[in-house]
$ cat upload.cif   # mmCIF, C-alpha atoms and all ligand atoms
data_final
loop_
_atom_site.label_atom_id
_atom_site.label_comp_id
_atom_site.auth_asym_id
_atom_site.auth_seq_id
_atom_site.Cartn_x
_atom_site.Cartn_y
_atom_site.Cartn_z
CA MET D 1 -36.58 -17.63 -49.15
CA ILE D 2 -33.32 -19.53 -48.75
CA PRO D 3 -31.31 -16.46 -47.67
CA ALA D 4 -34.01 -15.77 -45.03
CA ILE D 5 -33.62 -19.31 -43.65
CA ILE D 6 -29.84 -18.94 -43.59
CA ALA D 7 -30.18 -15.59 -41.79
CA PHE D 8 -32.46 -17.20 -39.17
CA LEU D 9 -30.02 -20.07 -38.76
CA ILE D 10 -27.10 -17.68 -38.23
CA ILE D 11 -29.10 -15.64 -35.70
CA GLY D 12 -30.06 -18.88 -33.94
CA ILE D 13 -26.43 -20.02 -33.77
CA VAL D 14 -25.29 -16.64 -32.44
CA ILE D 15 -28.02 -16.58 -29.75
CA THR D 16 -27.20 -20.16 -28.71
CA ALA D 17 -23.48 -19.30 -28.53
CA ILE D 18 -24.25 -16.25 -26.34
CA LEU D 19 -26.41 -18.34 -24.01
CA ILE D 20 -23.97 -21.25 -23.80
CA SER D 21 -20.80 -19.17 -23.47
CA PRO D 22 -21.13 -18.32 -19.73
CA LEU D 23 -21.80 -22.00 -18.99
CA LEU D 24 -18.71 -23.07 -20.92
CA ILE D 25 -16.60 -20.46 -19.12
CA LYS D 26 -17.94 -21.67 -15.78
CA GLN D 27 -17.13 -25.29 -16.60
CA HIS D 28 -13.67 -24.39 -17.85
CA ARG D 29 -12.96 -22.46 -14.65
CA LYS D 30 -14.20 -25.37 -12.57
CA ARG D 31 -11.73 -27.65 -14.38
CA LEU D 32 -8.88 -25.16 -13.83
CA LYS D 33 -9.68 -24.89 -10.13
CA SER D 34 -9.61 -28.65 -9.67
CA ARG D 35 -6.12 -28.99 -11.15
CA PRO D 36 -3.47 -29.90 -8.57
CA PHE D 37 -1.67 -26.82 -7.33
CA PRO D 38 2.08 -27.18 -8.08
CA PRO D 39 4.12 -27.46 -4.83
CA LEU D 40 6.64 -24.96 -6.23
CA TRP D 41 3.86 -22.38 -6.66
CA ASN D 42 2.74 -23.02 -3.11
CA ALA D 43 6.29 -22.50 -1.84
CA ILE D 44 6.63 -19.21 -3.79
CA ILE D 45 3.36 -17.86 -2.37
CA GLU D 46 4.24 -19.00 1.16
CA ASN D 47 7.47 -17.11 0.86
CA ASN D 48 6.13 -13.94 -0.77
CA LEU D 49 2.71 -13.44 0.76
CA PRO D 50 2.89 -13.27 4.58
CA ILE D 51 -0.89 -13.50 4.95
CA TYR D 52 -1.05 -16.83 3.05
CA LEU D 53 -0.26 -19.08 6.00
CA GLN D 54 -2.78 -17.23 8.16
CA LEU D 55 -5.65 -18.29 5.90
CA SER D 56 -7.72 -21.30 6.90
CA PRO D 57 -7.04 -24.46 4.83
CA PRO D 58 -10.36 -24.11 2.87
CA GLU D 59 -9.54 -20.43 2.17
CA ARG D 60 -6.07 -21.42 0.96
CA ARG D 61 -7.52 -24.03 -1.38
CA ARG D 62 -10.04 -21.49 -2.73
CA LEU D 63 -7.27 -18.95 -3.29
CA GLN D 64 -5.22 -21.55 -5.16
CA GLY D 65 -8.20 -22.26 -7.44
CA HIS D 66 -8.68 -18.56 -8.18
CA ILE D 67 -4.98 -18.21 -8.96
CA GLN D 68 -5.21 -21.06 -11.51
CA VAL D 69 -8.07 -19.24 -13.27
CA PHE D 70 -6.40 -15.83 -13.03
CA LEU D 71 -3.12 -17.06 -14.52
CA THR D 72 -4.92 -18.77 -17.40
CA GLU D 73 -7.18 -15.85 -18.27
CA LYS D 74 -4.94 -12.82 -17.78
CA GLN D 75 -1.87 -11.93 -19.79
CA PHE D 76 1.29 -10.56 -18.16
CA ILE D 77 3.45 -8.18 -20.18
CA GLY D 78 6.93 -7.15 -19.06
CA CYS D 79 7.83 -3.51 -19.79
CA LYS D 80 11.17 -1.74 -20.09
CA GLY D 81 12.91 -5.04 -20.78
CA LEU D 82 11.51 -6.81 -17.70
CA GLN D 83 11.14 -10.60 -18.03
CA VAL D 84 8.01 -11.48 -16.05
CA THR D 85 8.90 -14.53 -13.95
CA GLU D 86 6.63 -17.15 -12.42
CA GLU D 87 7.34 -15.59 -9.03
CA MET D 88 6.09 -12.18 -10.20
CA LYS D 89 2.92 -13.65 -11.73
CA LEU D 90 2.14 -15.71 -8.63
CA THR D 91 2.75 -12.84 -6.21
CA ILE D 92 0.52 -10.45 -8.15
CA ALA D 93 -2.17 -13.10 -8.77
CA SER D 94 -2.28 -14.22 -5.13
CA VAL D 95 -2.78 -10.68 -3.78
CA ALA D 96 -5.33 -9.75 -6.48
CA CYS D 97 -7.29 -12.98 -5.88
CA LEU D 98 -7.60 -12.23 -2.14
CA LEU D 99 -10.22 -9.70 -3.26
CA LEU D 100 -12.19 -12.53 -4.88
CA LEU D 101 -11.61 -15.13 -2.18
CA ASN D 102 -15.18 -16.09 -1.36
CA GLU D 103 -16.68 -16.83 -4.77
CA ARG D 104 -17.52 -13.49 -6.26
CA GLY D 105 -18.01 -15.34 -9.53
CA GLU D 106 -16.20 -12.85 -11.75
CA TYR D 107 -12.48 -12.47 -12.34
CA PHE D 108 -12.03 -8.72 -12.91
CA SER D 109 -14.25 -8.98 -15.97
CA LYS D 110 -12.83 -5.99 -17.86
CA LEU D 111 -9.20 -6.87 -17.27
CA ARG D 112 -7.16 -8.51 -20.03
CA SER D 113 -3.53 -7.78 -19.20
CA ILE D 114 -1.17 -6.73 -16.43
CA LEU D 115 1.79 -4.60 -17.47
CA VAL D 116 4.75 -4.96 -15.14
CA TYR D 117 7.60 -2.42 -14.98
CA PRO D 118 10.80 -3.17 -13.04
CA SER D 119 10.31 -0.08 -10.83
CA ALA D 120 8.50 3.28 -10.85
CA TYR D 121 7.73 4.35 -14.42
CA LEU D 122 7.34 7.76 -16.03
CA VAL D 123 4.10 8.91 -17.62
CA THR D 124 3.60 12.07 -19.64
CA GLU D 125 0.42 13.83 -18.58
CA THR D 126 -1.32 16.77 -20.19
CA VAL D 127 -2.55 19.09 -17.44
CA ALA D 128 -4.71 22.20 -17.85
CA THR D 129 -2.94 24.96 -15.92
CA GLY D 130 -5.26 27.79 -16.90
CA GLU D 131 -7.86 28.73 -19.45
CA TYR D 132 -6.57 27.63 -22.88
CA VAL D 133 -3.25 26.65 -21.30
CA VAL D 134 -2.13 23.03 -21.13
CA GLU D 135 1.18 21.74 -19.93
CA GLU D 136 2.89 18.42 -20.43
CA ARG D 137 4.24 16.95 -17.20
CA ARG D 138 6.36 13.87 -16.54
CA GLU D 139 5.16 11.96 -13.51
CA ALA D 140 6.59 8.86 -11.80
CA ARG D 141 3.99 6.19 -11.05
CA LEU D 142 3.94 2.95 -9.06
CA GLY D 143 0.73 1.55 -10.47
CA GLU D 144 -2.54 2.37 -12.19
CA SER D 145 -5.75 0.74 -13.29
CA TRP D 146 -7.32 1.48 -16.66
CA SER D 147 -11.03 0.96 -16.99
CA ARG D 148 -10.61 -0.49 -20.49
CA ASP D 149 -8.54 -3.60 -19.87
CA GLN D 150 -5.22 -3.08 -18.10
CA VAL D 151 -3.52 -2.78 -14.75
CA VAL D 152 0.02 -1.37 -14.64
CA LEU D 153 2.37 -2.18 -11.74
CA SER D 154 5.92 -1.51 -10.60
CA TRP D 155 7.41 -4.86 -9.54
CA GLU D 156 9.70 -3.17 -7.02
CA GLN D 157 6.63 -1.68 -5.32
CA VAL D 158 4.68 -4.96 -5.46
CA GLU D 159 7.56 -6.76 -3.74
CA GLN D 160 7.96 -4.09 -1.07
CA ASP D 161 4.21 -3.94 -0.37
CA THR D 162 3.68 -7.68 -0.09
CA GLN D 163 6.65 -8.12 2.25
CA ASN D 164 5.43 -5.26 4.48
CA TRP D 165 1.90 -6.57 4.74
CA GLN D 166 0.76 -4.59 7.77
CA ASP D 167 1.74 -1.06 6.78
CA GLY D 168 -1.60 -0.35 5.08
CA HIS D 169 -0.05 0.18 1.63
CA ASN D 170 -0.45 -2.33 -1.13
CA VAL D 171 -0.34 -1.33 -4.77
CA VAL D 172 -1.89 -4.62 -5.95
CA LEU D 173 -4.86 -4.41 -3.57
CA HIS D 174 -5.24 -0.75 -4.54
CA GLU D 175 -5.22 -1.16 -8.32
CA PHE D 176 -7.37 -4.28 -8.34
CA ALA D 177 -9.91 -2.58 -6.05
CA HIS D 178 -10.07 0.07 -8.79
CA GLN D 179 -10.72 -2.73 -11.31
CA LEU D 180 -13.71 -3.88 -9.23
CA ASP D 181 -14.93 -0.29 -9.03
CA GLN D 182 -14.56 0.11 -12.81
CA GLU D 183 -16.48 -3.06 -13.71
CA ASP D 184 -19.70 -1.11 -14.29
CA GLY D 185 -17.91 1.40 -16.53
CA ASN D 186 -17.66 4.11 -13.84
CA SER D 187 -14.95 4.84 -11.35
CA GLN D 188 -16.79 6.48 -8.47
CA GLY D 189 -16.04 4.27 -5.49
CA VAL D 190 -19.14 2.12 -6.02
CA PRO D 191 -18.43 -1.41 -7.27
CA ILE D 192 -21.19 -3.71 -8.48
CA LEU D 193 -23.08 -4.86 -5.37
CA PRO D 194 -25.02 -8.13 -5.11
CA ASN D 195 -28.43 -6.55 -4.38
CA LYS D 196 -30.16 -3.33 -5.35
CA SER D 197 -30.95 -2.74 -1.68
CA ASP D 198 -27.18 -2.66 -0.88
CA TYR D 199 -26.59 0.62 -2.75
CA PRO D 200 -28.26 3.08 -0.32
CA ILE D 201 -26.32 1.62 2.64
CA TRP D 202 -23.10 1.73 0.62
CA ALA D 203 -23.70 5.38 -0.30
CA GLN D 204 -24.56 6.32 3.28
CA VAL D 205 -21.55 4.68 4.95
CA MET D 206 -19.00 5.53 2.25
CA THR D 207 -20.06 9.17 1.99
CA ALA D 208 -19.90 9.67 5.76
CA GLU D 209 -16.51 7.91 6.05
CA TYR D 210 -15.05 9.76 3.05
CA GLN D 211 -16.23 13.07 4.47
CA GLN D 212 -14.70 12.25 7.85
CA LEU D 213 -11.36 11.42 6.21
CA CYS D 214 -11.44 14.70 4.24
CA ASN D 215 -12.13 16.63 7.47
CA ASP D 216 -9.43 14.75 9.41
CA VAL D 217 -6.88 15.35 6.66
CA GLN D 218 -7.79 19.04 6.51
CA GLN D 219 -7.36 19.38 10.27
CA GLY D 220 -4.13 17.40 10.31
CA VAL D 221 -5.63 14.55 12.38
CA LYS D 222 -3.70 11.27 12.14
CA THR D 223 -5.84 8.59 10.47
CA VAL D 224 -5.56 4.82 10.01
CA ILE D 225 -6.84 5.27 6.44
CA ASN D 226 -4.11 6.86 4.30
CA SER D 227 -4.75 10.52 3.49
CA TYR D 228 -4.54 9.73 -0.24
CA GLY D 229 -8.08 8.33 0.19
CA ALA D 230 -9.29 11.93 0.57
CA THR D 231 -8.47 12.57 -3.12
CA ASN D 232 -11.91 11.43 -4.34
CA PRO D 233 -14.48 8.65 -3.63
CA ALA D 234 -12.78 6.20 -6.06
CA GLU D 235 -9.43 6.58 -4.28
CA PHE D 236 -11.22 6.31 -0.94
CA PHE D 237 -12.60 2.88 -1.86
CA ALA D 238 -9.15 1.69 -3.08
CA VAL D 239 -7.34 3.00 0.01
CA ALA D 240 -10.04 1.69 2.39
CA THR D 241 -9.58 -1.73 0.75
CA GLU D 242 -5.83 -1.61 1.48
CA THR D 243 -6.56 -0.71 5.12
CA PHE D 244 -9.23 -3.40 5.45
CA PHE D 245 -6.85 -6.17 4.38
CA GLU D 246 -3.69 -4.87 6.02
CA LYS D 247 -4.90 -3.14 9.19
CA PRO D 248 -8.16 -4.90 9.99
CA GLN D 249 -8.01 -4.52 13.79
CA GLN D 250 -7.43 -0.79 13.64
CA LEU D 251 -10.05 -0.25 10.96
CA LEU D 252 -12.65 -2.21 12.93
CA HIS D 253 -11.80 -0.34 16.09
CA GLN D 254 -11.84 3.15 14.56
CA HIS D 255 -14.35 2.73 11.70
CA PRO D 256 -16.67 -0.19 12.59
CA ARG D 257 -19.34 0.68 10.01
CA LEU D 258 -16.80 0.87 7.19
CA TYR D 259 -15.21 -2.41 8.32
CA GLU D 260 -18.61 -4.14 8.36
CA LEU D 261 -19.49 -2.78 4.93
CA LEU D 262 -16.23 -4.02 3.40
CA GLN D 263 -16.53 -7.34 5.23
CA ARG D 264 -19.95 -7.83 3.62
CA TYR D 265 -18.70 -6.77 0.21
CA TYR D 266 -15.49 -8.87 0.16
CA GLN D 267 -17.10 -11.70 2.16
CA VAL D 268 -13.98 -12.13 4.26
CA ASN D 269 -12.97 -11.19 7.78
CA PRO D 270 -9.22 -10.36 7.74
CA ARG D 271 -9.29 -9.98 11.55
CA GLN D 272 -9.56 -13.75 11.77
CA TRP D 273 -6.24 -14.11 9.99
CA GLY D 274 -4.62 -13.38 13.33
CA PHE D 275 -2.38 -10.46 12.53
CA LYS D 276 -1.87 -7.90 15.27
CA ASP D 277 -1.83 -4.65 13.29
ZN ZN W 301 -5.81 4.91 -7.05
#

$ encode --input "upload.cif" --output "structure tokens"
Amino acid sequence: MIPAIIAFLIIGIVITAILISPLLIKQHRKRLKSRPFPPLWNAIIENNLPIYLQLSPPERRRLQGHIQVFLTEKQFIGCKGLQVTEEMKLTIASVACLLLLNERGEYFSKLRSILVYPSAYLVTETVATGEYVVEERREARLGESWSRDQVVLSWEQVEQDTQNWQDGHNVVLHEFAHQLDQEDGNSQGVPILPNKSDYPIWAQVMTAEYQQLCNDVQQGVKTVINSYGATNPAEFFAVATETFFEKPQQLLHQHPRLYELLQRYYQVNPRQWGFKD
């Protein structure tokens, strides 16, 4: 009898902990967001992220809050002897948090750590080159997103991409868009959407736009969306995200339905940030 009572008690405690945990996390995040934002951090972001001063004051304050949460919850690991500095953390966090700007509620839920290499890093890949034939290849990479719990970045690339904000390339936006896509366990260019009714529209617009990019690339037509997006639907979503944030005017002009879809998903309108791309 007593062991049964103890078992019930334990189950009760576990269930209570599961129910309370999201509330505690929410409260903790609220406290982090209300902390004063260090002026030195503000100066670093102003210097490294050209888009920062274009944000409205409420957007800037929201971004600062997200950065406080991000830096507390995610671990940065320097690779190949790199010492990850405050500047590196703040630059990466500020770009990644742009994707969360208007209260998405989650902070890249699968992500635990960000590995930072000084520059491009080499990866050994096993590639099938024929039936029963596999080859090992060394490949240089600038960034990647693993569905389990990590994002890997080359700091040199991060720096270059944040300074050149309007060229449509941004490794941080790209890899963290993949993280959003991978939140449901799949990487197919479909992130978790707020309502069930959003999925058919997403599928319709994304499929048509992806197909158009594939056709344009095949025919050698110049496109505002980088041709790498024609690799597969997951890459299309990541590359379209880069274009949306860095070349909003051109994307709206040439792909209004895609722009509208991403505007609804990210709940921001980068056109209002006043850049002439
Ligand atoms: Zn990618």

$ residues_near_ligand --input "upload.cif" --ligand "ligand ZN 301 (chain W)" --cutoff "8 Å" --atoms "all atoms listed in the file" --output "list in words"
Glu144, Ser145, His174, Glu175, His178, Ala234, Glu235, Ala238 and Val239 of chain D

$ closest_residue --input "upload.cif" --among "D:Gln166, D:Thr126, D:Ser187, D:Ser109" --to "Asp149 of chain D" --atoms "all atoms listed in the file"
D:Ser109

$ atom_distance --input "upload.cif" --atom1 "atom CA of Asp161 of chain D" --atom2 "atom CA of Tyr265 of chain D"
23.1 Å

$ residues_around --input "upload.cif" --residues "Arg62 of chain D" --least-positions-apart "2" --cutoff "9 Å" --atoms "all atoms listed in the file" --output "NGL selection string"
:D and (33 or 57-60 or 64-67 or 101-103)

$ residues_around --input "upload.cif" --residues "Thr231 of chain D" --least-positions-apart "3" --cutoff "12 Å" --atoms "all atoms listed in the file" --output "PyMOL selection string"
chain D and resi 188-189+210-211+213-215+217-218+226-228+234-239

$ closest_residue --input "upload.cif" --among "D:Arg29, D:Arg264, D:Lys247, D:Lys89" --to "Val172 of chain D" --atoms "only C-alpha atoms"
D:Lys89

$ atom_distance --input "upload.cif" --atom1 "atom CA of Ile25 of chain D" --atom2 "atom CA of Ser113 of chain D"
18.2 Å

$ closest_residue --input "upload.cif" --among "D:Arg104, D:Arg141, D:Lys80, D:Lys222" --to "Tyr117 of chain D" --atoms "only C-alpha atoms"
D:Lys80

$ residues_around --input "upload.cif" --residues "Trp202 of chain D" --least-positions-apart "4" --cutoff "9 Å" --atoms "only C-alpha atoms" --output "PyMOL selection string"
chain D and resi 190+193+198+206-207+261

$ residues_near_point --input "upload.cif" --point "(-7.6, 4.0, 8.8)" --cutoff "10 Å" --atoms "only C-alpha atoms" --output "compact mmCIF listing (two decimals) with C-alpha atoms, in the coordinates of the input"
# COMPACT_ATOMS: atom_id res chain seq x y z
CA GLY D 168 -1.60 -0.35 5.08
CA LEU D 213 -11.36 11.42 6.21
CA LYS D 222 -3.70 11.27 12.14
CA THR D 223 -5.84 8.59 10.47
CA VAL D 224 -5.56 4.82 10.01
CA ILE D 225 -6.84 5.27 6.44
CA ASN D 226 -4.11 6.86 4.30
CA SER D 227 -4.75 10.52 3.49
CA GLY D 229 -8.08 8.33 0.19
CA VAL D 239 -7.34 3.00 0.01
CA ALA D 240 -10.04 1.69 2.39
CA GLU D 242 -5.83 -1.61 1.48
CA THR D 243 -6.56 -0.71 5.12
CA PHE D 244 -9.23 -3.40 5.45
CA LYS D 247 -4.90 -3.14 9.19
CA PRO D 248 -8.16 -4.90 9.99
CA GLN D 249 -8.01 -4.52 13.79
CA GLN D 250 -7.43 -0.79 13.64
CA LEU D 251 -10.05 -0.25 10.96
CA LEU D 252 -12.65 -2.21 12.93
CA HIS D 253 -11.80 -0.34 16.09
CA GLN D 254 -11.84 3.15 14.56
CA HIS D 255 -14.35 2.73 11.70
CA LEU D 258 -16.80 0.87 7.19
CA TYR D 259 -15.21 -2.41 8.32

$ closest_residue --input "upload.cif" --among "D:Ala208, D:Val221, D:Val123, D:Leu98" --to "Leu173 of chain D" --atoms "all atoms listed in the file"
D:Leu98

$ atom_distance --input "upload.cif" --atom1 "atom CA of Glu106 of chain D" --atom2 "atom CA of Pro194 of chain D"
12.0 Å

$ axis_aligned_box --input "upload.cif" --around "segment 33-42 of chain D" --padding-each-side "8 Å" --output "lines of an AutoDock Vina configuration file"
center_x = -1.5
center_y = -26.1
center_z = -7.1
size_x = 32.3
size_y = 23.5
size_z = 24.0

$ closest_residue --input "upload.cif" --among "D:Glu135, D:Glu73, D:Asp216, D:Asp167" --to "Leu111 of chain D" --atoms "only C-alpha atoms"
D:Glu73

$ closest_residue --input "upload.cif" --among "D:Val152, D:Leu142, D:Leu24, D:Leu71" --to "Ala93 of chain D" --atoms "only C-alpha atoms"
D:Leu71

$ decode --input "upload.cif" --residues "segment 97-126 of chain D" --atoms "C-alpha atoms" --output "short mmCIF file (atom, residue, chain, number, x, y, z; two decimals), in the first residue's frame"
data_model
loop_
_atom_site.label_atom_id
_atom_site.label_comp_id
_atom_site.auth_asym_id
_atom_site.auth_seq_id
_atom_site.Cartn_x
_atom_site.Cartn_y
_atom_site.Cartn_z
CA CYS D 97 16.76 37.34 -32.82
CA LEU D 98 15.56 39.49 -35.74
CA LEU D 99 13.75 36.32 -36.82
CA LEU D 100 11.90 36.31 -33.49
CA LEU D 101 11.34 40.04 -33.22
CA ASN D 102 7.58 40.15 -32.78
CA GLU D 103 6.97 37.69 -29.96
CA ARG D 104 7.07 34.29 -31.54
CA GLY D 105 7.22 32.92 -28.01
CA GLU D 106 9.91 30.31 -28.64
CA TYR D 107 13.67 30.77 -28.79
CA PHE D 108 14.80 28.17 -31.36
CA SER D 109 13.47 25.45 -29.08
CA LYS D 110 15.78 22.65 -30.28
CA LEU D 111 18.94 24.72 -30.21
CA ARG D 112 21.39 24.35 -27.32
CA SER D 113 24.72 25.59 -28.64
CA ILE D 114 26.37 27.67 -31.35
CA LEU D 115 29.78 26.49 -32.53
CA VAL D 116 31.91 29.30 -33.91
CA TYR D 117 34.94 28.70 -36.14
CA PRO D 118 37.35 31.54 -36.99
CA SER D 119 36.74 31.08 -40.75
CA ALA D 120 35.50 28.44 -43.21
CA TYR D 121 35.90 24.96 -41.73
CA LEU D 122 36.46 21.56 -43.32
CA VAL D 123 33.98 18.72 -43.00
CA THR D 124 34.52 15.14 -44.13
CA GLU D 125 31.46 13.86 -45.96
CA THR D 126 30.67 10.35 -47.10
#
